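For reference, target.txt is printed below; it contains compact mmCIF, C-alpha atoms.
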# COMPACT_ATOMS: atom_id res chain seq x y z
CA MET A 21 96.35 153.10 47.74
CA HIS A 22 97.38 156.66 48.56
CA PRO A 23 100.78 158.04 47.54
CA THR A 24 102.07 157.92 51.12
CA ASP A 25 101.08 154.28 51.48
CA GLY A 26 103.61 151.52 50.98
CA PRO A 27 103.44 147.76 51.39
CA PRO A 28 102.20 146.63 54.80
CA SER A 29 104.93 145.68 57.23
CA SER A 30 105.36 142.16 58.49
CA ALA A 31 103.81 141.30 61.85
CA THR A 32 107.18 140.77 63.50
CA GLU A 33 109.64 142.87 61.51
CA GLY A 34 112.19 144.78 63.62
CA ARG A 35 110.51 144.20 66.97
CA GLU A 36 112.06 143.55 70.31
CA PRO A 37 109.71 141.31 72.31
CA GLY A 38 108.72 141.80 75.92
CA PRO A 39 109.09 139.12 78.60
CA ALA A 40 106.13 137.15 77.21
CA GLY A 41 107.63 137.15 73.71
CA GLN A 42 105.22 139.79 72.40
CA PRO A 43 106.18 143.28 71.21
CA VAL A 44 104.78 145.98 73.50
CA ALA A 45 102.51 148.72 72.13
CA VAL A 46 101.25 151.70 74.16
CA VAL A 47 98.10 153.52 73.03
CA LEU A 48 97.53 156.86 74.75
CA GLY A 49 93.85 157.71 74.66
CA GLY A 50 93.00 154.07 74.01
CA SER A 51 89.99 153.59 76.28
CA ARG A 52 87.33 154.59 73.73
CA GLY A 53 86.71 155.73 70.18
CA LEU A 54 89.48 155.54 67.61
CA GLY A 55 92.09 154.79 70.27
CA LEU A 56 90.18 151.71 71.36
CA LEU A 57 90.01 150.50 67.76
CA VAL A 58 93.75 151.07 67.28
CA ALA A 59 94.42 149.09 70.46
CA GLU A 60 92.18 146.29 69.21
CA GLU A 61 93.99 146.23 65.87
CA LEU A 62 97.42 146.04 67.52
CA LEU A 63 96.14 143.28 69.78
CA SER A 64 95.00 141.27 66.76
CA ARG A 65 98.53 141.54 65.34
CA GLY A 66 100.16 139.93 68.34
CA HIS A 67 101.15 142.90 70.49
CA HIS A 68 100.94 143.15 74.25
CA VAL A 69 98.84 146.33 74.31
CA VAL A 70 99.03 148.85 77.12
CA VAL A 71 95.95 151.08 77.05
CA ALA A 72 96.37 154.42 78.81
CA ALA A 73 93.73 157.07 79.53
CA ARG A 74 92.61 159.50 82.24
CA ASP A 75 89.48 157.73 83.46
CA ASP A 76 89.69 154.55 85.56
CA GLU A 77 86.14 153.45 84.78
CA GLU A 78 86.69 153.84 81.04
CA LEU A 79 89.93 151.86 81.33
CA ASP A 80 88.16 149.01 83.10
CA GLU A 81 85.48 148.86 80.38
CA ALA A 82 88.10 148.93 77.64
CA ALA A 83 90.14 146.16 79.30
CA THR A 84 87.09 143.93 79.63
CA MET A 85 86.18 144.41 75.98
CA LEU A 86 89.72 143.94 74.64
CA ARG A 87 90.46 140.88 76.77
CA GLY A 88 87.30 139.36 75.38
CA ARG A 89 88.97 139.52 71.97
CA GLY A 90 91.93 137.48 73.26
CA GLY A 91 95.54 138.52 73.71
CA VAL A 92 97.36 140.36 76.50
CA VAL A 93 96.13 143.78 77.62
CA SER A 94 97.34 146.05 80.42
CA VAL A 95 95.74 149.32 81.48
CA GLU A 96 97.43 152.38 82.95
CA ARG A 97 95.94 155.63 84.16
CA CYS A 98 97.78 158.51 82.52
CA ASP A 99 97.01 162.14 81.72
CA VAL A 100 98.94 163.11 78.57
CA ARG A 101 98.71 166.77 79.59
CA ASP A 102 101.13 166.06 82.47
CA ARG A 103 104.68 165.25 81.31
CA HIS A 104 105.54 163.75 84.69
CA ASP A 105 102.54 161.43 84.43
CA VAL A 106 103.67 160.36 80.95
CA GLY A 107 107.23 159.85 82.21
CA ASP A 108 106.01 157.65 85.04
CA LEU A 109 103.92 155.61 82.61
CA VAL A 110 106.79 155.00 80.19
CA GLY A 111 109.10 154.04 83.07
CA ARG A 112 106.59 151.57 84.52
CA VAL A 113 105.93 149.91 81.16
CA GLU A 114 109.62 149.66 80.25
CA HIS A 115 110.48 148.08 83.61
CA THR A 116 107.47 145.87 84.27
CA VAL A 117 105.99 145.00 80.86
CA GLY A 118 108.84 145.25 78.38
CA PRO A 119 110.54 147.56 75.89
CA ILE A 120 108.04 149.80 74.12
CA GLU A 121 108.19 149.01 70.42
CA VAL A 122 105.11 151.01 69.33
CA LEU A 123 103.65 154.22 70.74
CA VAL A 124 100.46 155.69 69.32
CA THR A 125 98.99 158.92 70.71
CA VAL A 126 95.29 159.30 69.97
CA ALA A 127 94.03 161.32 72.99
CA GLY A 128 91.94 164.28 71.95
CA VAL A 129 89.23 166.74 72.87
CA ILE A 130 86.95 168.74 70.62
CA GLN A 131 84.90 171.87 71.15
CA ALA A 132 82.51 173.14 68.48
CA ALA A 133 81.61 176.78 69.01
CA PRO A 134 81.79 180.20 67.36
CA LEU A 135 84.80 182.33 68.27
CA GLU A 136 82.71 184.67 70.45
CA SER A 137 81.75 181.74 72.71
CA LEU A 138 85.29 180.53 73.35
CA VAL A 139 87.52 181.35 76.30
CA MET A 140 91.22 180.68 76.86
CA HIS A 141 90.50 177.48 78.77
CA GLU A 142 89.27 175.77 75.60
CA PHE A 143 92.53 176.59 73.83
CA GLU A 144 94.62 175.51 76.80
CA ASP A 145 92.84 172.17 77.13
CA ALA A 146 93.12 171.49 73.40
CA MET A 147 96.82 172.41 73.28
CA ASP A 148 97.69 170.49 76.44
CA THR A 149 95.97 167.35 75.18
CA MET A 150 96.62 167.29 71.43
CA ALA A 151 99.84 169.29 71.05
CA TRP A 152 101.75 168.83 74.31
CA GLY A 153 100.39 165.28 74.75
CA PRO A 154 102.18 163.87 71.67
CA ILE A 155 105.31 165.87 72.54
CA HIS A 156 105.37 164.53 76.10
CA ALA A 157 104.87 160.98 74.85
CA ALA A 158 107.38 160.97 72.00
CA MET A 159 110.15 162.82 73.82
CA THR A 160 109.82 160.49 76.80
CA VAL A 161 109.93 157.23 74.87
CA LEU A 162 112.54 158.33 72.33
CA PRO A 163 115.67 157.77 74.47
CA HIS A 164 114.65 154.13 74.99
CA MET A 165 113.87 153.55 71.32
CA ARG A 166 117.02 155.25 70.08
CA ARG A 167 119.18 153.26 72.45
CA ARG A 168 117.71 150.06 71.01
CA GLY A 169 117.91 151.36 67.44
CA HIS A 170 114.28 150.82 66.51
CA GLY A 171 110.73 151.84 67.39
CA ARG A 172 107.51 153.14 65.91
CA ILE A 173 105.79 156.38 66.96
CA GLY A 174 102.37 157.35 65.59
CA THR A 175 100.55 160.62 66.22
CA VAL A 176 96.90 160.91 65.22
CA THR A 177 96.37 164.47 64.00
CA SER A 178 93.51 165.59 61.71
CA ILE A 179 92.59 167.26 58.47
CA GLY A 180 91.85 170.06 60.95
CA GLY A 181 95.63 170.31 61.36
CA MET A 182 96.06 170.99 57.64
CA VAL A 183 92.95 173.09 56.91
CA SER A 184 91.36 175.04 59.77
CA PRO A 185 87.58 174.41 59.74
CA PRO A 186 85.10 176.97 61.07
CA HIS A 187 83.78 176.70 64.63
CA LEU A 188 86.62 174.32 65.60
CA LEU A 189 89.40 176.82 66.32
CA PRO A 190 90.92 175.35 69.53
CA TYR A 191 90.92 171.89 67.92
CA ALA A 192 92.55 173.15 64.72
CA THR A 193 95.15 175.17 66.63
CA ALA A 194 96.29 172.09 68.56
CA LYS A 195 96.17 169.78 65.53
CA PHE A 196 98.28 172.19 63.43
CA ALA A 197 100.90 172.03 66.20
CA ALA A 198 100.69 168.23 66.30
CA VAL A 199 101.21 167.98 62.53
CA GLY A 200 104.24 170.25 62.70
CA PHE A 201 105.79 168.29 65.55
CA SER A 202 105.15 164.84 64.10
CA ASP A 203 106.24 165.73 60.58
CA GLY A 204 109.41 167.39 61.83
CA LEU A 205 110.09 164.46 64.14
CA ALA A 206 109.92 162.04 61.20
CA ALA A 207 112.60 164.03 59.37
CA ALA A 208 114.77 164.38 62.48
CA LEU A 209 114.73 160.61 63.09
CA SER A 210 115.78 159.69 59.55
CA GLY A 211 118.36 156.90 59.60
CA THR A 212 118.02 156.13 63.31
CA GLY A 213 115.80 153.04 63.02
CA VAL A 214 113.03 154.91 64.86
CA THR A 215 110.16 156.26 62.76
CA ALA A 216 107.40 158.80 63.33
CA THR A 217 104.11 158.62 61.43
CA THR A 218 101.75 161.57 61.09
CA VAL A 219 98.19 160.26 60.78
CA VAL A 220 95.79 162.70 59.10
CA PRO A 221 92.18 161.49 59.25
CA GLY A 222 89.12 163.28 58.01
CA LEU A 223 85.77 162.74 59.69
CA MET A 224 85.39 159.22 61.08
CA ARG A 225 82.39 157.42 62.51
CA THR A 226 83.82 156.80 65.96
CA GLY A 227 80.82 158.09 67.92
CA GLY A 228 82.89 161.03 69.12
CA HIS A 229 79.94 163.43 68.86
CA VAL A 230 78.80 162.02 72.21
CA HIS A 231 81.92 163.27 74.02
CA ALA A 232 82.46 166.45 71.99
CA ARG A 233 81.57 169.71 73.70
CA PHE A 234 79.40 172.39 72.15
CA GLY A 235 79.36 176.11 72.89
CA GLY A 236 77.34 179.14 71.85
CA ASP A 237 73.99 177.75 70.73
CA ALA A 238 75.00 174.23 71.78
CA ALA A 239 71.93 172.53 70.31
CA ALA A 240 72.40 174.21 66.93
CA GLU A 241 76.12 173.33 66.90
CA TYR A 242 75.29 169.72 67.65
CA ALA A 243 72.73 169.74 64.82
CA TRP A 244 75.43 170.21 62.15
CA PHE A 245 78.38 168.45 63.79
CA ALA A 246 76.77 165.13 64.79
CA PRO A 247 75.31 164.30 61.34
CA ALA A 248 78.56 165.32 59.62
CA ALA A 249 80.43 162.87 61.84
CA SER A 250 77.89 160.12 61.17
CA LEU A 251 76.82 160.18 57.51
CA PRO A 252 78.69 157.77 55.17
CA LEU A 253 79.40 160.33 52.42
CA LEU A 254 81.04 162.70 54.89
CA SER A 255 82.67 160.28 57.36
CA VAL A 256 84.48 156.95 57.01
CA ASP A 257 84.25 153.68 58.88
CA ALA A 258 86.51 153.94 61.93
CA GLU A 259 87.48 150.25 61.98
CA ARG A 260 88.90 150.50 58.47
CA ALA A 261 90.68 153.71 59.49
CA ALA A 262 92.24 151.94 62.49
CA ARG A 263 93.60 149.18 60.24
CA ARG A 264 95.21 151.72 57.93
CA ILE A 265 96.66 153.63 60.86
CA VAL A 266 98.31 150.53 62.28
CA ASP A 267 99.55 149.51 58.81
CA ALA A 268 101.20 152.91 58.37
CA VAL A 269 102.73 153.10 61.85
CA LEU A 270 104.19 149.58 61.74
CA ALA A 271 105.57 150.21 58.23
CA GLY A 272 107.20 153.44 59.43
CA ARG A 273 105.55 155.64 56.82
CA PRO A 274 106.09 159.37 57.42
CA MET A 275 102.45 160.31 56.77
CA VAL A 276 99.13 158.66 55.99
CA VAL A 277 96.01 160.59 54.92
CA LEU A 278 92.93 158.49 55.49
CA THR A 279 90.02 159.90 53.51
CA PRO A 280 89.47 161.22 49.98
CA LEU A 281 87.90 164.41 51.36
CA ALA A 282 90.99 164.99 53.50
CA TRP A 283 93.25 164.55 50.46
CA LEU A 284 91.09 166.96 48.48
CA GLY A 285 91.14 169.54 51.26
CA ILE A 286 94.93 169.41 51.52
CA ARG A 287 95.34 169.74 47.75
CA VAL A 288 92.94 172.67 47.45
CA ARG A 289 94.52 174.44 50.44
CA GLY A 290 97.97 174.00 48.90
CA LEU A 291 96.93 175.32 45.49
CA ALA A 292 94.75 178.22 46.65
CA PRO A 293 95.34 179.03 50.33
CA ALA A 294 93.76 182.51 50.33
CA THR A 295 90.70 181.34 48.41
CA THR A 296 90.32 178.37 50.77
CA THR A 297 90.34 180.69 53.79
CA ARG A 298 87.72 182.94 52.20
CA VAL A 299 85.48 179.97 51.38
CA LEU A 300 85.79 178.65 54.93
CA GLY A 301 84.87 182.11 56.17
CA LEU A 302 81.69 181.99 54.11
CA VAL A 303 80.91 178.52 55.46
CA GLY A 304 81.43 179.82 58.99
CA ARG A 305 78.88 182.57 58.37
CA LEU A 306 76.31 179.88 57.56
CA LEU A 307 76.88 178.14 60.89
CA PRO A 308 75.03 179.16 64.09
CA ASP A 309 75.76 182.59 65.56
CA ALA A 310 76.73 183.05 69.18
CA PRO A 311 73.60 183.83 71.24
CA ALA A 312 73.73 187.11 73.09
CA ARG A 313 73.09 185.68 76.56
CA GLU A 314 74.53 182.17 76.46
CA GLY A 315 78.00 183.10 77.73
CA ALA A 316 81.08 180.97 77.23
CA ARG A 317 80.02 177.63 78.71
CA THR A 318 80.14 174.41 76.72
CA SER A 319 77.86 171.39 76.96
CA PRO A 320 78.63 167.71 76.29
CA GLY A 321 77.08 166.08 73.25
CA HIS A 322 74.38 164.16 75.10
CA GLU A 323 73.14 167.36 76.76
CA ALA A 324 73.18 169.33 73.51
CA ARG A 325 71.25 166.51 71.86
CA ARG A 326 68.60 166.54 74.58
CA ARG A 327 68.21 170.32 74.27
CA LEU A 328 67.90 170.04 70.48
CA GLY A 329 65.24 167.30 70.63
CA SER A 330 65.26 166.71 66.87
CA THR A 331 63.97 163.42 65.48
CA LEU A 332 65.54 164.25 62.11
CA VAL A 333 69.02 164.75 63.60
CA ASP A 334 68.60 161.54 65.60
CA ARG A 335 67.90 159.68 62.36
CA LEU A 336 70.91 161.25 60.66
CA THR A 337 73.20 160.14 63.48
CA VAL A 338 72.08 156.51 63.65
CA LEU A 339 75.41 155.18 62.34
CA GLY A 340 77.36 157.48 64.64
CA ASP A 341 75.31 156.38 67.64
CA ARG A 342 75.89 152.75 66.72
CA ALA A 343 79.64 153.43 66.53
CA ALA A 344 79.52 155.18 69.92
CA ARG A 345 78.06 152.06 71.55
CA ARG A 346 80.57 149.83 69.79
CA ASN A 347 83.54 152.03 70.71
CA LEU A 348 82.53 152.76 74.34
CA GLU A 349 81.94 156.47 73.68

Write the structure described by the file as C-alpha cells, please.
Amino acid sequence: MHPTDGPPSSATEGREPGPAGQPVAVVLGGSRGLGLLVAEELLSRGHHVVVAARDDEELDEAATMLRGRGGVVSVERCDVRDRHDVGDLVGRVEHTVGPIEVLVTVAGVIQAAPLESLVMHEFEDAMDTMAWGPIHAAMTVLPHMRRRGHGRIGTVTSIGGMVSPPHLLPYATAKFAAVGFSDGLAAALSGTGVTATTVVPGLMRTGGHVHARFGGDAAAEYAWFAPAASLPLLSVDAERAARRIVDAVLAGRPMVVLTPLAWLGIRVRGLAPATTTRVLGLVGRLLPDAPAREGARTSPGHEARRRLGSTLVDRLTVLGDRAARRNLE
C-alpha cells in the first residue's frame, strides 16, 4: 500500500442517492480506455454511471458493453473543452438523473513527437482537454456538491505531470497544469465535505497507443511508444489501476500514485531536479529526430503502425493490442 493510500471507503458512505436509490457518478472521457474501466468499476459498486464523451458512436459501444455487465448506465455527449457543454451536461444530470455524488475526469489526448515537429495546435488541444477540461468539470459541479455538503471529484493526471518526459511536451504541459489544479483544489476544499483526488498513473496497458498521435518520423515514434505502453515491466494492468483509482476517489484521498516507476520518478525528480532534466535531455537525444521534410502533421497510431510494418514491434505490443480490443480503443 502506498503512503497516500488509506483504507477503502464503504460502498455507501456519505452518498446521496438518485431517484432510483443509487448514487450518481459521472465519468468524463468514459467511452474507452481507462475511462471505460473506471466507469465499469463504479458500476460494479452500485452507482448509476453517466458516461460522457465527444463521439456518439463510441458512447453507443460503451453503453452496450457496460449494460451487459448489469447496472444502470446513461450516456451523454459532451466535449470537456467547451465549458458551456460541460455546464449543460451537469445541469441535465442533476435535474434528470440525480445529484452527482462522484465526478471523475479522464478525457485525454496524447501526441508523441520531437519539439521541431509540433505546432501550437497540439498544445492548445492538450491544454483544452486535459487542463481546462478538469477545471470546467470541477468548477461546474462544485456549487451543487458544496450545497449538499459532500461529493467526490477525481482528476486523472499522469507521471507526465510530475516529470516531463521527452517527445511528449504538449501532454506534459497540460498534465502539469492538471496536477496543480487538482492538488490545490484538494487543499481549498478541506473541511467542506467535498474532496478532490489527484490520480497520478504511470504507463498503463489501456491500448491507448491506438488513439495516440505521432509526429515527426511517426513510424519511429510509434516504435518506441507502443511497446513501452504494452510491456509488463514498463506498464501496469489497467483494470487494477481502475480499481485503485475508484478506491482513492471514493475514500477522498488527496493523491494516489499508481505505479512503482511513477513513485520512483517523483522521488528522483524531487531529490535531484536539475540532474533529472539533464538525464531526460540525454534520453530525448536517443529518440527519433525530426525528418527534414515531414512537416508538422501527426498521424494516428494505426497509420503509424502500418507505415512502420515491424513484426517485432507487433509482437511487443500484443498485450497492448489485447487491451485496446477489451477497452474499445

What are the closest atom pairs, with distances in Å to one decimal, for each residue of segment 89-138 of chain A lying within 12 Å of segment 240-257 of chain A, using only C-alpha atoms, rows by chain and rising residue number, as a Markdown table?
| residue | atom | partner | partner_atom | distance |
| --- | --- | --- | --- | --- |
| A:Ile130 | CA | A:Phe245 | CA | 11.0 |
| A:Gln131 | CA | A:Glu241 | CA | 9.9 |
| A:Ala132 | CA | A:Glu241 | CA | 6.6 |
| A:Ala133 | CA | A:Glu241 | CA | 6.8 |
| A:Pro134 | CA | A:Glu241 | CA | 8.9 |
| A:Ser137 | CA | A:Glu241 | CA | 11.7 |

Those residues you just picked out, can you put them in a file as a JSON list (two decimals), keeping the file's coordinate frame with C-alpha atoms?
[["chain", "number", "residue", "atom", "x", "y", "z"],
["A", 130, "ILE", "CA", 86.95, 168.74, 70.62],
["A", 131, "GLN", "CA", 84.90, 171.87, 71.15],
["A", 132, "ALA", "CA", 82.51, 173.14, 68.48],
["A", 133, "ALA", "CA", 81.61, 176.78, 69.01],
["A", 134, "PRO", "CA", 81.79, 180.20, 67.36],
["A", 137, "SER", "CA", 81.75, 181.74, 72.71]]

Once you count all atoms listed in the file, which residues end up no further than 10 Å from (96.5, 146.7, 75.3) in the file's frame, shown as a ChimeraX atom specification? /A:44-47,50-51,56,58-63,67-72,82-83,86-87,91-96

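Closest approach to Gly211 of chain A among A:Arg166, A:Gly118, A:Arg317, A:Leu281: A:Arg166, based on all atoms listed in the file.
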
Find the residues with any atom within 12 Å of (73.4, 150.9, 62.1); use only C-alpha atoms and the coordinates as given in the file, and write the answer as a PyMOL selection string. chain A and resi 225+227+250-252+257+335-346

So that I can check the surroundings of His170 of chain A, please list as a short mmCIF file (atom, residue, chain, number, x, y, z; two decimals) with C-alpha atoms, keeping the file's coordinate frame every protein, DNA and RNA residue that reaches within 6 Å of it, counting all atoms listed in the file and ignoring chain neighbours fewer than 5 positions away.
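Saved the output as selection37.cif:
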data_model
loop_
_atom_site.label_atom_id
_atom_site.label_comp_id
_atom_site.auth_asym_id
_atom_site.auth_seq_id
_atom_site.Cartn_x
_atom_site.Cartn_y
_atom_site.Cartn_z
CA MET A 165 113.87 153.55 71.32
CA GLY A 213 115.80 153.04 63.02
CA VAL A 214 113.03 154.91 64.86
#

Show which residues sit within 6 Å of segment 220-222 of chain A, as an mmCIF file with C-alpha atoms, in the frame of the given file. Count all atoms listed in the file, and ignore same-chain residues fewer than 3 positions away.
data_model
loop_
_atom_site.group_PDB
_atom_site.id
_atom_site.type_symbol
_atom_site.label_atom_id
_atom_site.label_comp_id
_atom_site.auth_asym_id
_atom_site.auth_seq_id
_atom_site.Cartn_x
_atom_site.Cartn_y
_atom_site.Cartn_z
ATOM 1 C CA THR A 177 96.370 164.470 64.000
ATOM 2 C CA SER A 178 93.510 165.590 61.710
ATOM 3 C CA ILE A 179 92.590 167.260 58.470
ATOM 4 C CA VAL A 277 96.010 160.590 54.920
ATOM 5 C CA LEU A 278 92.930 158.490 55.490
ATOM 6 C CA THR A 279 90.020 159.900 53.510
ATOM 7 C CA ALA A 282 90.990 164.990 53.500
#

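With all atoms listed in the file as the basis for measurement, A:Leu162 is the residue among A:Leu189, A:Met182, A:Leu162, A:Met85 that approaches Ala208 of chain A most closely.
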
As an exercise, work out the distance from atom CA of Phe143 of chain A to atom CA of Ala192 of chain A in Å and give it to one decimal place. 9.7 Å

Distance atom CA of Met147 of chain A-atom CA of Pro185 of chain A, one decimal place? 16.5 Å

Could you list, as a PDB file with C-alpha atoms, keeping the file's coordinate frame, every residue within 12 Å of Leu138 of chain A, counting only C-alpha atoms and ignoring same-chain residues fewer than 4 positions away?
ATOM      1  CA  GLN A 131      84.900 171.870  71.150  1.00  0.00           C
ATOM      2  CA  ALA A 132      82.510 173.140  68.480  1.00  0.00           C
ATOM      3  CA  ALA A 133      81.610 176.780  69.010  1.00  0.00           C
ATOM      4  CA  PRO A 134      81.790 180.200  67.360  1.00  0.00           C
ATOM      5  CA  GLU A 142      89.270 175.770  75.600  1.00  0.00           C
ATOM      6  CA  PHE A 143      92.530 176.590  73.830  1.00  0.00           C
ATOM      7  CA  GLU A 144      94.620 175.510  76.800  1.00  0.00           C
ATOM      8  CA  ASP A 145      92.840 172.170  77.130  1.00  0.00           C
ATOM      9  CA  ALA A 146      93.120 171.490  73.400  1.00  0.00           C
ATOM     10  CA  HIS A 187      83.780 176.700  64.630  1.00  0.00           C
ATOM     11  CA  LEU A 188      86.620 174.320  65.600  1.00  0.00           C
ATOM     12  CA  LEU A 189      89.400 176.820  66.320  1.00  0.00           C
ATOM     13  CA  PRO A 190      90.920 175.350  69.530  1.00  0.00           C
ATOM     14  CA  TYR A 191      90.920 171.890  67.920  1.00  0.00           C
ATOM     15  CA  ARG A 233      81.570 169.710  73.700  1.00  0.00           C
ATOM     16  CA  PHE A 234      79.400 172.390  72.150  1.00  0.00           C
ATOM     17  CA  GLY A 235      79.360 176.110  72.890  1.00  0.00           C
ATOM     18  CA  GLY A 236      77.340 179.140  71.850  1.00  0.00           C
ATOM     19  CA  ASP A 237      73.990 177.750  70.730  1.00  0.00           C
ATOM     20  CA  ALA A 310      76.730 183.050  69.180  1.00  0.00           C
ATOM     21  CA  GLU A 314      74.530 182.170  76.460  1.00  0.00           C
ATOM     22  CA  GLY A 315      78.000 183.100  77.730  1.00  0.00           C
ATOM     23  CA  ALA A 316      81.080 180.970  77.230  1.00  0.00           C
ATOM     24  CA  ARG A 317      80.020 177.630  78.710  1.00  0.00           C
ATOM     25  CA  THR A 318      80.140 174.410  76.720  1.00  0.00           C
TER      26      THR A 318
END

So the first atom is atom CA of Val126 of chain A and the second is atom CA of Gly301 of chain A; what is the distance between them in Å, to one decimal place? 28.6 Å

Quick one: everything within 12 Å of Gly111 of chain A, counting all atoms listed in the file, minus sequence neighbours fewer than 2 positions away in the same chain. Send it as a PDB file with C-alpha atoms, keeping the file's coordinate frame.
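Written file, out_10.pdb:
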ATOM      1  CA  GLU A  96      97.430 152.380  82.950  1.00  0.00           C
ATOM      2  CA  HIS A 104     105.540 163.750  84.690  1.00  0.00           C
ATOM      3  CA  ASP A 105     102.540 161.430  84.430  1.00  0.00           C
ATOM      4  CA  VAL A 106     103.670 160.360  80.950  1.00  0.00           C
ATOM      5  CA  GLY A 107     107.230 159.850  82.210  1.00  0.00           C
ATOM      6  CA  ASP A 108     106.010 157.650  85.040  1.00  0.00           C
ATOM      7  CA  LEU A 109     103.920 155.610  82.610  1.00  0.00           C
ATOM      8  CA  VAL A 113     105.930 149.910  81.160  1.00  0.00           C
ATOM      9  CA  GLU A 114     109.620 149.660  80.250  1.00  0.00           C
ATOM     10  CA  HIS A 115     110.480 148.080  83.610  1.00  0.00           C
ATOM     11  CA  THR A 116     107.470 145.870  84.270  1.00  0.00           C
ATOM     12  CA  VAL A 117     105.990 145.000  80.860  1.00  0.00           C
ATOM     13  CA  GLY A 118     108.840 145.250  78.380  1.00  0.00           C
ATOM     14  CA  PRO A 119     110.540 147.560  75.890  1.00  0.00           C
ATOM     15  CA  ILE A 120     108.040 149.800  74.120  1.00  0.00           C
ATOM     16  CA  ALA A 157     104.870 160.980  74.850  1.00  0.00           C
ATOM     17  CA  THR A 160     109.820 160.490  76.800  1.00  0.00           C
ATOM     18  CA  VAL A 161     109.930 157.230  74.870  1.00  0.00           C
ATOM     19  CA  PRO A 163     115.670 157.770  74.470  1.00  0.00           C
ATOM     20  CA  HIS A 164     114.650 154.130  74.990  1.00  0.00           C
TER      21      HIS A 164
END

Of the candidates A:Leu54, A:Val139, A:Leu328, A:Ala216, which one gets nearest to Leu270 of chain A if we count all atoms listed in the file? A:Ala216

For each of A:Ala324, A:Val269, A:Val288, A:Met159, take the minimum atom-to-atom distance to Ile173 of chain A, counting only C-alpha atoms, then give the residue where this is smallest. A:Val269

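With distances taken over all atoms listed in the file, A:Thr125 is the one residue among A:Ser319, A:Asn347, A:Ser330, A:Thr125 lying closest to Thr218 of chain A.
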
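Considering only C-alpha atoms, the residue among A:Val276, A:Val110, A:Leu135, A:Ala127 positioned nearest to Leu307 of chain A is A:Leu135.
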